[in-house]
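K.L.:
Below is a structure I'd like to ask you about.
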Protein chains: 2
Amino acid sequence: MSTTIFARAEDVENAFYEAIARADLDALMSVWADDEEVVCIHPTGQRLCGVAAIQESWRAIFSGNSSLTVRITRSVRWSGMLIAVHSVVETFYLGNEPTPHGPMLATNVFQRGANGWRLLSHHASAAAEISETMPLGERDGMPRTLH
Amino acid sequence: MSTTIFARAEDVENAFYEAIARADLDALMSVWADDEEVVCIHPTGQRLCGVAAIQESWRAIFSGNSSLTVRITRSVRWSGMLIAVHSVVETFYLGNEPTPHGPMLATNVFQRGANGWRLLSHHASAAAEISETMPLGERDGMPRTLH
């Protein structure tokens, strides 16, 4: 779908959320792996399998919002040679509203292939109020590398 | 925490859900990686980080239910050398009730260490009605191995 090479899982994740902020469907779809078993779970509870279903869902999301900016915090990262996983907290900003929506929790799964890293799975769901159950706030962005 | 060796990620996943069915807290905790950054996200939206918080949450769950049996279907699996990820649909049975609860969607992340595979992260959230957006029903249990 795309010839963009993502050298790190973080680059894929950044491109994913930047594409959402720009409502850029082509850019959004370019981050997914060329693998029919890619999975996207929206906070509505729909599990979409395959590029076509995922693309259609984001087309609908982009057509329904003026703009959607997602800020990522409190990342917990696990990295292997071929698969990496990030657990993140997502905070949403709609249009020019100053008040954030969310938070959401997302588990993002990445795969390294011949053309660099790509997104395999995005599982997002509503978060309870962020509280003392999340002691990792001060360790944002510290990757755990297993290899 | 445990000397049990899990040779495959699937074995960890089976042990996790079997421990839930038996309300066996020791067995449940034995499947997690010896890594302080293990994560458990309950369908309530709480993200728990670390073994102590996870153990306390399951202790509360087990004390509040007579029994909880989870059936796993529609697995989508990605496997690397050191990390494996399963996306599954969970259906719950409470006590002796014949009617299932849920479904839930879970993303389970596994790590291979010196003592075999262990659970790194369990992200569960409520699913919308399972429908045509999930065409993988006939492919249950077919693993994708990347190495």
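In the structure tokens, chains take the letters A, B, ... in the order shown, each chain's residues start at 1, and ligands count up from 1 in the order shown.
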Over all C-alpha pairs taken in sequence order, what does chain B look like after a least-squares fit onto chain A? Please give it as a tab-separated table (two decimals) with N, CA and C atoms, in the first residue's frame.

P.N.:
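Saved as selection32.tsv:
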```tsv
chain	number	residue	atom	x	y	z
B	1	MET	N	0.77	-1.25	0.04
B	1	MET	CA	-0.05	-0.05	0.08
B	1	MET	C	0.80	1.21	0.08
B	2	SER	N	2.00	1.12	0.66
B	2	SER	CA	2.83	2.30	0.81
B	2	SER	C	4.27	1.87	0.76
B	3	THR	N	5.13	2.77	0.31
B	3	THR	CA	6.55	2.45	0.31
B	3	THR	C	7.28	3.11	1.47
B	4	THR	N	6.53	3.77	2.35
B	4	THR	CA	7.16	4.38	3.51
B	4	THR	C	7.81	3.30	4.36
B	5	ILE	N	9.06	3.54	4.76
B	5	ILE	CA	9.76	2.60	5.63
B	5	ILE	C	9.77	3.17	7.05
B	6	PHE	N	9.21	2.43	7.98
B	6	PHE	CA	9.25	2.85	9.38
B	6	PHE	C	10.35	2.03	10.07
B	7	ALA	N	11.37	2.74	10.56
B	7	ALA	CA	12.52	2.05	11.14
B	7	ALA	C	12.26	1.53	12.54
B	8	ARG	N	11.27	2.11	13.22
B	8	ARG	CA	10.96	1.71	14.60
B	8	ARG	C	9.45	1.62	14.78
B	9	ALA	N	9.03	0.80	15.74
B	9	ALA	CA	7.61	0.71	16.06
B	9	ALA	C	7.06	2.08	16.46
B	10	GLU	N	7.87	2.87	17.18
B	10	GLU	CA	7.44	4.20	17.60
B	10	GLU	C	7.10	5.07	16.39
B	11	ASP	N	7.86	4.90	15.31
B	11	ASP	CA	7.59	5.70	14.11
B	11	ASP	C	6.24	5.34	13.51
B	12	VAL	N	5.88	4.06	13.55
B	12	VAL	CA	4.57	3.62	13.06
B	12	VAL	C	3.48	4.24	13.92
B	13	GLU	N	3.68	4.18	15.23
B	13	GLU	CA	2.67	4.70	16.15
B	13	GLU	C	2.49	6.21	15.95
B	14	ASN	N	3.60	6.93	15.81
B	14	ASN	CA	3.49	8.37	15.57
B	14	ASN	C	2.75	8.66	14.27
B	15	ALA	N	3.07	7.90	13.22
B	15	ALA	CA	2.42	8.11	11.92
B	15	ALA	C	0.93	7.80	12.01
B	16	PHE	N	0.57	6.81	12.79
B	16	PHE	CA	-0.84	6.43	12.98
B	16	PHE	C	-1.62	7.60	13.60
B	17	TYR	N	-1.11	8.13	14.70
B	17	TYR	CA	-1.85	9.19	15.38
B	17	TYR	C	-1.78	10.52	14.61
B	18	GLU	N	-0.68	10.75	13.88
B	18	GLU	CA	-0.60	11.96	13.05
B	18	GLU	C	-1.61	11.88	11.90
B	19	ALA	N	-1.79	10.70	11.35
B	19	ALA	CA	-2.77	10.53	10.28
B	19	ALA	C	-4.18	10.78	10.80
B	20	ILE	N	-4.46	10.35	12.03
B	20	ILE	CA	-5.76	10.62	12.63
B	20	ILE	C	-5.96	12.12	12.78
B	21	ALA	N	-4.92	12.81	13.26
B	21	ALA	CA	-5.05	14.27	13.47
B	21	ALA	C	-5.31	15.00	12.16
B	22	ARG	N	-4.77	14.47	11.06
B	22	ARG	CA	-4.97	15.11	9.74
B	22	ARG	C	-6.18	14.54	9.02
B	23	ALA	N	-6.85	13.54	9.60
B	23	ALA	CA	-7.95	12.84	8.94
B	23	ALA	C	-7.51	12.37	7.55
B	24	ASP	N	-6.28	11.85	7.49
B	24	ASP	CA	-5.66	11.44	6.23
B	24	ASP	C	-5.79	9.91	6.11
B	25	LEU	N	-6.81	9.47	5.38
B	25	LEU	CA	-7.11	8.04	5.31
B	25	LEU	C	-5.99	7.25	4.64
B	26	ASP	N	-5.40	7.81	3.58
B	26	ASP	CA	-4.30	7.11	2.91
B	26	ASP	C	-3.11	6.91	3.84
B	27	ALA	N	-2.77	7.97	4.56
B	27	ALA	CA	-1.64	7.87	5.49
B	27	ALA	C	-1.97	6.89	6.61
B	28	LEU	N	-3.22	6.92	7.07
B	28	LEU	CA	-3.62	6.01	8.15
B	28	LEU	C	-3.50	4.56	7.71
B	29	MET	N	-3.94	4.29	6.49
B	29	MET	CA	-3.91	2.90	6.03
B	29	MET	C	-2.50	2.43	5.72
B	30	SER	N	-1.60	3.38	5.42
B	30	SER	CA	-0.23	3.00	5.05
B	30	SER	C	0.57	2.45	6.23
B	31	VAL	N	0.07	2.62	7.45
B	31	VAL	CA	0.84	2.13	8.60
B	31	VAL	C	0.55	0.66	8.92
B	32	TRP	N	-0.52	0.11	8.33
B	32	TRP	CA	-0.89	-1.27	8.66
B	32	TRP	C	-0.04	-2.29	7.90
B	33	ALA	N	0.14	-3.45	8.50
B	33	ALA	CA	0.88	-4.53	7.85
B	33	ALA	C	0.09	-5.06	6.65
B	34	ASP	N	0.81	-5.53	5.65
B	34	ASP	CA	0.17	-6.17	4.50
B	34	ASP	C	-0.16	-7.60	4.90
B	35	ASP	N	-1.13	-7.74	5.76
B	35	ASP	CA	-1.47	-9.02	6.37
B	35	ASP	C	-2.97	-8.99	6.55
B	36	GLU	N	-3.67	-9.94	5.98
B	36	GLU	CA	-5.12	-9.84	6.03
B	36	GLU	C	-5.66	-9.99	7.45
B	37	GLU	N	-4.83	-10.48	8.36
B	37	GLU	CA	-5.32	-10.65	9.72
B	37	GLU	C	-4.96	-9.47	10.63
B	38	VAL	N	-4.90	-8.28	10.08
B	38	VAL	CA	-4.77	-7.10	10.93
B	38	VAL	C	-6.10	-6.87	11.64
B	39	VAL	N	-6.01	-6.35	12.86
B	39	VAL	CA	-7.19	-6.20	13.72
B	39	VAL	C	-7.27	-4.77	14.26
B	40	CYS	N	-8.47	-4.19	14.25
B	40	CYS	CA	-8.70	-2.88	14.86
B	40	CYS	C	-9.96	-2.97	15.71
B	41	ILE	N	-9.80	-2.71	17.01
B	41	ILE	CA	-10.93	-2.71	17.94
B	41	ILE	C	-11.19	-1.28	18.37
B	42	HIS	N	-12.34	-0.75	17.97
B	42	HIS	CA	-12.71	0.61	18.33
B	42	HIS	C	-13.32	0.64	19.74
B	43	PRO	N	-13.33	1.81	20.39
B	43	PRO	CA	-13.93	1.91	21.73
B	43	PRO	C	-15.41	1.53	21.75
B	44	THR	N	-16.05	1.49	20.59
B	44	THR	CA	-17.44	1.03	20.52
B	44	THR	C	-17.56	-0.47	20.74
B	45	GLY	N	-16.44	-1.21	20.71
B	45	GLY	CA	-16.47	-2.64	20.92
B	45	GLY	C	-16.53	-3.46	19.65
B	46	GLN	N	-16.38	-2.81	18.51
B	46	GLN	CA	-16.33	-3.57	17.26
B	46	GLN	C	-14.91	-4.07	17.01
B	47	ARG	N	-14.75	-5.36	16.74
B	47	ARG	CA	-13.46	-5.88	16.30
B	47	ARG	C	-13.51	-6.05	14.80
B	48	LEU	N	-12.69	-5.28	14.11
B	48	LEU	CA	-12.64	-5.33	12.66
B	48	LEU	C	-11.40	-6.10	12.24
B	49	CYS	N	-11.57	-7.05	11.33
B	49	CYS	CA	-10.45	-7.85	10.84
B	49	CYS	C	-10.26	-7.57	9.36
B	50	GLY	N	-9.03	-7.26	8.98
B	50	GLY	CA	-8.73	-7.05	7.57
B	50	GLY	C	-8.72	-5.58	7.22
B	51	VAL	N	-7.91	-5.27	6.23
B	51	VAL	CA	-7.67	-3.88	5.82
B	51	VAL	C	-8.95	-3.21	5.32
B	52	ALA	N	-9.78	-3.91	4.58
B	52	ALA	CA	-10.97	-3.29	3.99
B	52	ALA	C	-11.94	-2.80	5.07
B	53	ALA	N	-12.20	-3.64	6.06
B	53	ALA	CA	-13.13	-3.26	7.13
B	53	ALA	C	-12.55	-2.13	7.97
B	54	ILE	N	-11.24	-2.19	8.20
B	54	ILE	CA	-10.59	-1.14	9.00
B	54	ILE	C	-10.66	0.20	8.26
B	55	GLN	N	-10.37	0.17	6.97
B	55	GLN	CA	-10.39	1.41	6.17
B	55	GLN	C	-11.79	2.02	6.18
B	56	GLU	N	-12.81	1.19	6.01
B	56	GLU	CA	-14.17	1.71	5.97
B	56	GLU	C	-14.55	2.35	7.30
B	57	SER	N	-14.10	1.76	8.40
B	57	SER	CA	-14.46	2.32	9.71
B	57	SER	C	-13.82	3.70	9.92
B	58	TRP	N	-12.57	3.83	9.49
B	58	TRP	CA	-11.90	5.12	9.66
B	58	TRP	C	-12.45	6.16	8.69
B	59	ARG	N	-12.88	5.73	7.52
B	59	ARG	CA	-13.51	6.65	6.60
B	59	ARG	C	-14.76	7.26	7.27
B	60	ALA	N	-15.53	6.40	7.94
B	60	ALA	CA	-16.74	6.88	8.62
B	60	ALA	C	-16.38	7.82	9.78
B	61	ILE	N	-15.33	7.47	10.51
B	61	ILE	CA	-14.92	8.31	11.65
B	61	ILE	C	-14.48	9.69	11.14
B	62	PHE	N	-13.67	9.69	10.09
B	62	PHE	CA	-13.16	10.97	9.58
B	62	PHE	C	-14.28	11.83	8.99
B	63	SER	N	-15.30	11.20	8.42
B	63	SER	CA	-16.39	11.98	7.82
B	63	SER	C	-17.31	12.55	8.89
B	64	GLY	N	-17.21	12.04	10.11
B	64	GLY	CA	-18.12	12.47	11.18
B	64	GLY	C	-17.53	13.48	12.14
B	65	ASN	N	-16.28	13.81	11.99
B	65	ASN	CA	-15.64	14.73	12.93
B	65	ASN	C	-14.89	15.81	12.17
B	66	SER	N	-14.86	17.00	12.76
B	66	SER	CA	-14.09	18.07	12.14
B	66	SER	C	-12.60	17.76	12.27
B	67	SER	N	-12.18	17.45	13.45
B	67	SER	CA	-10.80	16.99	13.62
B	67	SER	C	-10.70	16.27	14.95
B	68	LEU	N	-9.72	15.42	15.05
B	68	LEU	CA	-9.57	14.51	16.18
B	68	LEU	C	-8.08	14.40	16.47
B	69	THR	N	-7.66	15.00	17.57
B	69	THR	CA	-6.26	14.94	17.94
B	69	THR	C	-6.11	14.04	19.16
B	70	VAL	N	-5.16	13.12	19.07
B	70	VAL	CA	-4.95	12.15	20.14
B	70	VAL	C	-3.59	12.38	20.76
B	71	ARG	N	-3.56	12.56	22.07
B	71	ARG	CA	-2.29	12.68	22.79
B	71	ARG	C	-2.05	11.37	23.54
B	72	ILE	N	-0.83	10.88	23.40
B	72	ILE	CA	-0.46	9.58	23.99
B	72	ILE	C	0.42	9.80	25.22
B	73	THR	N	0.06	9.16	26.32
B	73	THR	CA	0.89	9.25	27.52
B	73	THR	C	1.02	7.87	28.17
B	74	ARG	N	1.88	7.80	29.17
B	74	ARG	CA	2.01	6.62	30.03
B	74	ARG	C	2.25	5.34	29.24
B	75	SER	N	3.15	5.42	28.28
B	75	SER	CA	3.45	4.25	27.45
B	75	SER	C	4.17	3.18	28.25
B	76	VAL	N	3.74	1.95	28.08
B	76	VAL	CA	4.50	0.78	28.53
B	76	VAL	C	4.80	0.00	27.27
B	77	ARG	N	6.08	-0.29	27.04
B	77	ARG	CA	6.50	-0.88	25.77
B	77	ARG	C	7.26	-2.18	25.98
B	78	TRP	N	6.94	-3.14	25.13
B	78	TRP	CA	7.68	-4.39	25.10
B	78	TRP	C	8.12	-4.63	23.66
B	79	SER	N	9.40	-4.94	23.44
B	79	SER	CA	9.91	-5.07	22.07
B	79	SER	C	10.67	-6.37	21.88
B	80	GLY	N	10.30	-7.12	20.87
B	80	GLY	CA	11.07	-8.27	20.44
B	80	GLY	C	11.70	-7.97	19.09
B	81	MET	N	12.26	-8.99	18.46
B	81	MET	CA	12.87	-8.78	17.15
B	81	MET	C	11.82	-8.52	16.08
B	82	LEU	N	10.69	-9.21	16.17
B	82	LEU	CA	9.71	-9.17	15.09
B	82	LEU	C	8.38	-8.55	15.50
B	83	ILE	N	8.13	-8.52	16.79
B	83	ILE	CA	6.87	-7.96	17.30
B	83	ILE	C	7.17	-7.03	18.45
B	84	ALA	N	6.47	-5.90	18.46
B	84	ALA	CA	6.56	-4.96	19.59
B	84	ALA	C	5.14	-4.60	19.99
B	85	VAL	N	4.95	-4.32	21.27
B	85	VAL	CA	3.63	-3.97	21.79
B	85	VAL	C	3.75	-2.75	22.69
B	86	HIS	N	2.85	-1.79	22.48
B	86	HIS	CA	2.80	-0.60	23.34
B	86	HIS	C	1.43	-0.52	23.99
B	87	SER	N	1.41	-0.34	25.31
B	87	SER	CA	0.18	-0.05	26.05
B	87	SER	C	0.21	1.44	26.36
B	88	VAL	N	-0.79	2.17	25.90
B	88	VAL	CA	-0.76	3.64	26.04
B	88	VAL	C	-2.12	4.16	26.53
B	89	VAL	N	-2.08	5.36	27.09
B	89	VAL	CA	-3.30	6.08	27.44
B	89	VAL	C	-3.51	7.15	26.37
B	90	GLU	N	-4.70	7.16	25.79
B	90	GLU	CA	-5.04	8.12	24.74
B	90	GLU	C	-5.97	9.20	25.31
B	91	THR	N	-5.65	10.45	25.06
B	91	THR	CA	-6.53	11.56	25.41
B	91	THR	C	-6.93	12.26	24.11
B	92	PHE	N	-8.22	12.50	23.94
B	92	PHE	CA	-8.75	13.03	22.68
B	92	PHE	C	-9.11	14.50	22.79
B	93	TYR	N	-8.86	15.23	21.72
B	93	TYR	CA	-9.33	16.60	21.59
B	93	TYR	C	-10.13	16.68	20.30
B	94	LEU	N	-11.36	17.13	20.39
B	94	LEU	CA	-12.24	17.23	19.22
B	94	LEU	C	-12.26	18.67	18.72
B	95	GLY	N	-11.99	18.84	17.43
B	95	GLY	CA	-12.03	20.17	16.84
B	95	GLY	C	-11.14	21.12	17.61
B	96	ASN	N	-11.68	22.30	17.93
B	96	ASN	CA	-10.91	23.28	18.69
B	96	ASN	C	-11.28	23.29	20.17
B	97	GLU	N	-12.00	22.29	20.61
B	97	GLU	CA	-12.38	22.24	22.03
B	97	GLU	C	-11.14	22.12	22.90
B	98	PRO	N	-11.03	22.96	23.94
B	98	PRO	CA	-9.86	22.86	24.81
B	98	PRO	C	-9.95	21.71	25.81
B	99	THR	N	-11.16	21.21	26.04
B	99	THR	CA	-11.35	20.17	27.06
B	99	THR	C	-11.14	18.79	26.45
B	100	PRO	N	-10.27	18.00	27.04
B	100	PRO	CA	-10.02	16.67	26.47
B	100	PRO	C	-11.17	15.70	26.70
B	101	HIS	N	-11.28	14.73	25.81
B	101	HIS	CA	-12.20	13.61	25.96
B	101	HIS	C	-11.37	12.36	26.29
B	102	GLY	N	-12.07	11.37	26.78
B	102	GLY	CA	-11.37	10.14	27.14
B	102	GLY	C	-11.20	10.12	28.63
B	103	PRO	N	-10.19	9.51	29.16
B	103	PRO	CA	-9.14	8.84	28.42
B	103	PRO	C	-9.58	7.48	27.87
B	104	MET	N	-8.84	7.04	26.88
B	104	MET	CA	-8.96	5.70	26.34
B	104	MET	C	-7.67	4.93	26.66
B	105	LEU	N	-7.78	3.62	26.67
B	105	LEU	CA	-6.60	2.76	26.78
B	105	LEU	C	-6.42	2.04	25.47
B	106	ALA	N	-5.19	1.98	24.97
B	106	ALA	CA	-4.94	1.27	23.72
B	106	ALA	C	-3.76	0.32	23.87
B	107	THR	N	-3.91	-0.84	23.26
B	107	THR	CA	-2.80	-1.78	23.10
B	107	THR	C	-2.50	-1.83	21.61
B	108	ASN	N	-1.32	-1.35	21.23
B	108	ASN	CA	-0.91	-1.32	19.83
B	108	ASN	C	0.16	-2.37	19.58
B	109	VAL	N	-0.05	-3.20	18.56
B	109	VAL	CA	0.87	-4.30	18.25
B	109	VAL	C	1.52	-4.03	16.90
B	110	PHE	N	2.84	-4.16	16.85
B	110	PHE	CA	3.60	-3.86	15.64
B	110	PHE	C	4.39	-5.09	15.19
B	111	GLN	N	4.59	-5.17	13.87
B	111	GLN	CA	5.33	-6.29	13.28
B	111	GLN	C	6.46	-5.73	12.42
B	112	ARG	N	7.63	-6.35	12.53
B	112	ARG	CA	8.73	-5.97	11.64
B	112	ARG	C	8.77	-6.91	10.45
B	113	GLY	N	8.67	-6.37	9.26
B	113	GLY	CA	8.72	-7.17	8.04
B	113	GLY	C	9.84	-6.69	7.14
B	114	ALA	N	9.78	-7.13	5.89
B	114	ALA	CA	10.83	-6.79	4.94
B	114	ALA	C	10.91	-5.28	4.72
B	115	ASN	N	9.78	-4.59	4.89
B	115	ASN	CA	9.74	-3.15	4.67
B	115	ASN	C	9.61	-2.36	5.97
B	116	GLY	N	10.25	-2.84	7.00
B	116	GLY	CA	10.23	-2.12	8.27
B	116	GLY	C	9.04	-2.49	9.12
B	117	TRP	N	8.77	-1.66	10.11
B	117	TRP	CA	7.70	-1.94	11.08
B	117	TRP	C	6.35	-1.48	10.56
B	118	ARG	N	5.31	-2.22	10.92
B	118	ARG	CA	3.94	-1.87	10.55
B	118	ARG	C	3.01	-2.21	11.73
B	119	LEU	N	1.82	-1.67	11.67
B	119	LEU	CA	0.82	-1.92	12.72
B	119	LEU	C	0.05	-3.20	12.41
B	120	LEU	N	-0.03	-4.11	13.38
B	120	LEU	CA	-0.80	-5.35	13.24
B	120	LEU	C	-2.16	-5.23	13.90
B	121	SER	N	-2.20	-4.55	15.06
B	121	SER	CA	-3.44	-4.52	15.83
B	121	SER	C	-3.50	-3.26	16.67
B	122	HIS	N	-4.70	-2.67	16.72
B	122	HIS	CA	-4.98	-1.51	17.58
B	122	HIS	C	-6.23	-1.84	18.37
B	123	HIS	N	-6.09	-2.00	19.68
B	123	HIS	CA	-7.23	-2.32	20.56
B	123	HIS	C	-7.44	-1.14	21.48
B	124	ALA	N	-8.53	-0.42	21.29
B	124	ALA	CA	-8.82	0.76	22.11
B	124	ALA	C	-10.11	0.54	22.88
B	125	SER	N	-10.14	1.02	24.13
B	125	SER	CA	-11.35	0.91	24.94
B	125	SER	C	-11.35	2.03	25.96
B	126	ALA	N	-12.54	2.34	26.46
B	126	ALA	CA	-12.67	3.45	27.42
B	126	ALA	C	-11.94	3.12	28.71
B	127	ALA	N	-11.29	4.12	29.28
B	127	ALA	CA	-10.60	3.95	30.55
B	127	ALA	C	-11.46	4.48	31.68
B	128	ALA	N	-11.32	3.84	32.83
B	128	ALA	CA	-11.86	4.43	34.05
B	128	ALA	C	-11.01	5.67	34.36
B	129	GLU	N	-11.40	6.42	35.34
B	129	GLU	CA	-10.57	7.56	35.74
B	129	GLU	C	-9.16	7.08	36.03
B	130	ILE	N	-8.19	7.81	35.52
B	130	ILE	CA	-6.80	7.45	35.76
B	130	ILE	C	-6.46	7.81	37.21
B	131	SER	N	-5.89	6.84	37.91
B	131	SER	CA	-5.69	7.04	39.35
B	131	SER	C	-4.42	6.37	39.79
B	132	GLU	N	-4.38	6.04	41.06
B	132	GLU	CA	-3.19	5.44	41.64
B	132	GLU	C	-2.94	4.03	41.12
B	133	THR	N	-3.87	3.51	40.34
B	133	THR	CA	-3.62	2.19	39.77
B	133	THR	C	-2.65	2.27	38.60
B	134	MET	N	-2.22	3.48	38.24
B	134	MET	CA	-1.31	3.63	37.12
B	134	MET	C	-0.04	4.35	37.55
B	135	PRO	N	0.86	3.66	38.19
B	135	PRO	CA	2.04	4.32	38.75
B	135	PRO	C	3.13	4.60	37.73
B	136	LEU	N	2.85	4.42	36.45
B	136	LEU	CA	3.94	4.51	35.47
B	136	LEU	C	4.05	5.88	34.83
B	137	GLY	N	3.30	6.85	35.33
B	137	GLY	CA	3.25	8.15	34.68
B	137	GLY	C	4.60	8.80	34.50
B	138	GLU	N	5.49	8.55	35.41
B	138	GLU	CA	6.78	9.23	35.31
B	138	GLU	C	7.75	8.49	34.42
B	139	ARG	N	7.30	7.37	33.88
B	139	ARG	CA	8.22	6.56	33.08
B	139	ARG	C	7.83	6.58	31.61
B	140	ASP	N	7.07	7.60	31.21
B	140	ASP	CA	6.64	7.70	29.81
B	140	ASP	C	7.81	7.52	28.86
B	141	GLY	N	7.59	6.71	27.87
B	141	GLY	CA	8.56	6.62	26.79
B	141	GLY	C	9.77	5.78	27.08
B	142	MET	N	9.81	5.12	28.23
B	142	MET	CA	10.96	4.26	28.49
B	142	MET	C	10.71	2.89	27.89
B	143	PRO	N	11.38	2.56	26.82
B	143	PRO	CA	11.12	1.27	26.17
B	143	PRO	C	11.76	0.11	26.93
B	144	ARG	N	11.12	-1.02	26.89
B	144	ARG	CA	11.72	-2.27	27.36
B	144	ARG	C	12.08	-3.07	26.12
B	145	THR	N	13.32	-3.37	25.97
B	145	THR	CA	13.75	-4.13	24.80
B	145	THR	C	14.21	-5.51	25.25
B	146	LEU	N	13.62	-6.52	24.63
B	146	LEU	CA	13.86	-7.89	25.10
B	146	LEU	C	15.01	-8.57	24.38
B	147	HIS	N	15.47	-7.98	23.31
B	147	HIS	CA	16.54	-8.68	22.58
B	147	HIS	C	17.87	-8.01	22.79
```

K.L.:
Select from stretch 41-71 of chain B everything DSSP, run on the backbone, classes as alpha helix (DSSP H), then give the selection as JSON, numbers by chain.

P.N.:
{"B": [51, 52, 53, 54, 55, 56, 57, 58, 59, 60, 61, 62, 63, 64]}

K.L.:
Just C-alpha atoms for this one: save the residues we selected as an mmCIF file, in the first residue's frame.

P.N.:
```cif
data_model
loop_
_atom_site.group_PDB
_atom_site.id
_atom_site.type_symbol
_atom_site.label_atom_id
_atom_site.label_comp_id
_atom_site.auth_asym_id
_atom_site.auth_seq_id
_atom_site.Cartn_x
_atom_site.Cartn_y
_atom_site.Cartn_z
ATOM 1 C CA VAL B 51 2.027 -7.881 39.838
ATOM 2 C CA ALA B 52 0.780 -6.547 43.192
ATOM 3 C CA ALA B 53 -2.051 -4.460 41.724
ATOM 4 C CA ILE B 54 -3.021 -7.244 39.330
ATOM 5 C CA GLN B 55 -3.120 -9.833 42.119
ATOM 6 C CA GLU B 56 -5.280 -7.613 44.314
ATOM 7 C CA SER B 57 -7.786 -7.044 41.502
ATOM 8 C CA TRP B 58 -8.191 -10.750 40.833
ATOM 9 C CA ARG B 59 -8.494 -11.476 44.540
ATOM 10 C CA ALA B 60 -11.460 -9.071 44.587
ATOM 11 C CA ILE B 61 -12.972 -10.636 41.458
ATOM 12 C CA PHE B 62 -12.678 -14.162 42.839
ATOM 13 C CA SER B 63 -14.199 -13.157 46.190
ATOM 14 C CA GLY B 64 -17.215 -11.635 44.422
#
```

K.L.:
Stretch 81-126 of chain B: which residues are strand (DSSP E) by DSSP, as an mmCIF file with C-alpha atoms, in the first residue's frame?

P.N.:
```cif
data_model
loop_
_atom_site.group_PDB
_atom_site.id
_atom_site.type_symbol
_atom_site.label_atom_id
_atom_site.label_comp_id
_atom_site.auth_asym_id
_atom_site.auth_seq_id
_atom_site.Cartn_x
_atom_site.Cartn_y
_atom_site.Cartn_z
ATOM 1 C CA ILE B 83 6.726 -11.961 21.920
ATOM 2 C CA ALA B 84 3.397 -13.417 20.848
ATOM 3 C CA VAL B 85 0.004 -11.724 20.762
ATOM 4 C CA HIS B 86 -3.471 -13.275 20.652
ATOM 5 C CA SER B 87 -6.670 -11.354 19.891
ATOM 6 C CA VAL B 88 -9.604 -13.391 21.202
ATOM 7 C CA VAL B 89 -13.323 -13.180 21.896
ATOM 8 C CA GLU B 90 -14.226 -14.102 25.476
ATOM 9 C CA THR B 91 -17.643 -15.454 26.452
ATOM 10 C CA PHE B 92 -18.406 -15.663 30.180
ATOM 11 C CA TYR B 93 -20.502 -18.098 32.166
ATOM 12 C CA LEU B 94 -21.286 -17.158 35.769
ATOM 13 C CA HIS B 101 -22.380 -13.094 29.381
ATOM 14 C CA GLY B 102 -20.260 -10.870 27.216
ATOM 15 C CA PRO B 103 -18.838 -11.118 24.717
ATOM 16 C CA MET B 104 -15.606 -9.426 25.648
ATOM 17 C CA LEU B 105 -12.613 -8.768 23.416
ATOM 18 C CA ALA B 106 -9.137 -9.448 24.760
ATOM 19 C CA THR B 107 -5.640 -8.798 23.497
ATOM 20 C CA ASN B 108 -3.212 -11.089 25.320
ATOM 21 C CA VAL B 109 0.537 -10.455 25.049
ATOM 22 C CA PHE B 110 3.097 -13.137 25.884
ATOM 23 C CA GLN B 111 6.862 -13.047 26.405
ATOM 24 C CA ARG B 112 9.362 -15.868 26.063
ATOM 25 C CA GLY B 113 12.017 -15.792 28.780
ATOM 26 C CA GLY B 116 9.406 -20.367 28.919
ATOM 27 C CA TRP B 117 6.445 -18.222 27.951
ATOM 28 C CA ARG B 118 4.612 -15.917 30.348
ATOM 29 C CA LEU B 119 1.813 -13.354 30.167
ATOM 30 C CA LEU B 120 2.912 -9.710 29.822
ATOM 31 C CA SER B 121 -0.421 -8.002 29.231
ATOM 32 C CA HIS B 122 -4.152 -8.778 29.240
ATOM 33 C CA HIS B 123 -6.388 -6.054 27.770
ATOM 34 C CA ALA B 124 -10.097 -6.891 27.994
ATOM 35 C CA SER B 125 -13.041 -4.716 26.996
ATOM 36 C CA ALA B 126 -16.715 -5.131 26.190
#
```
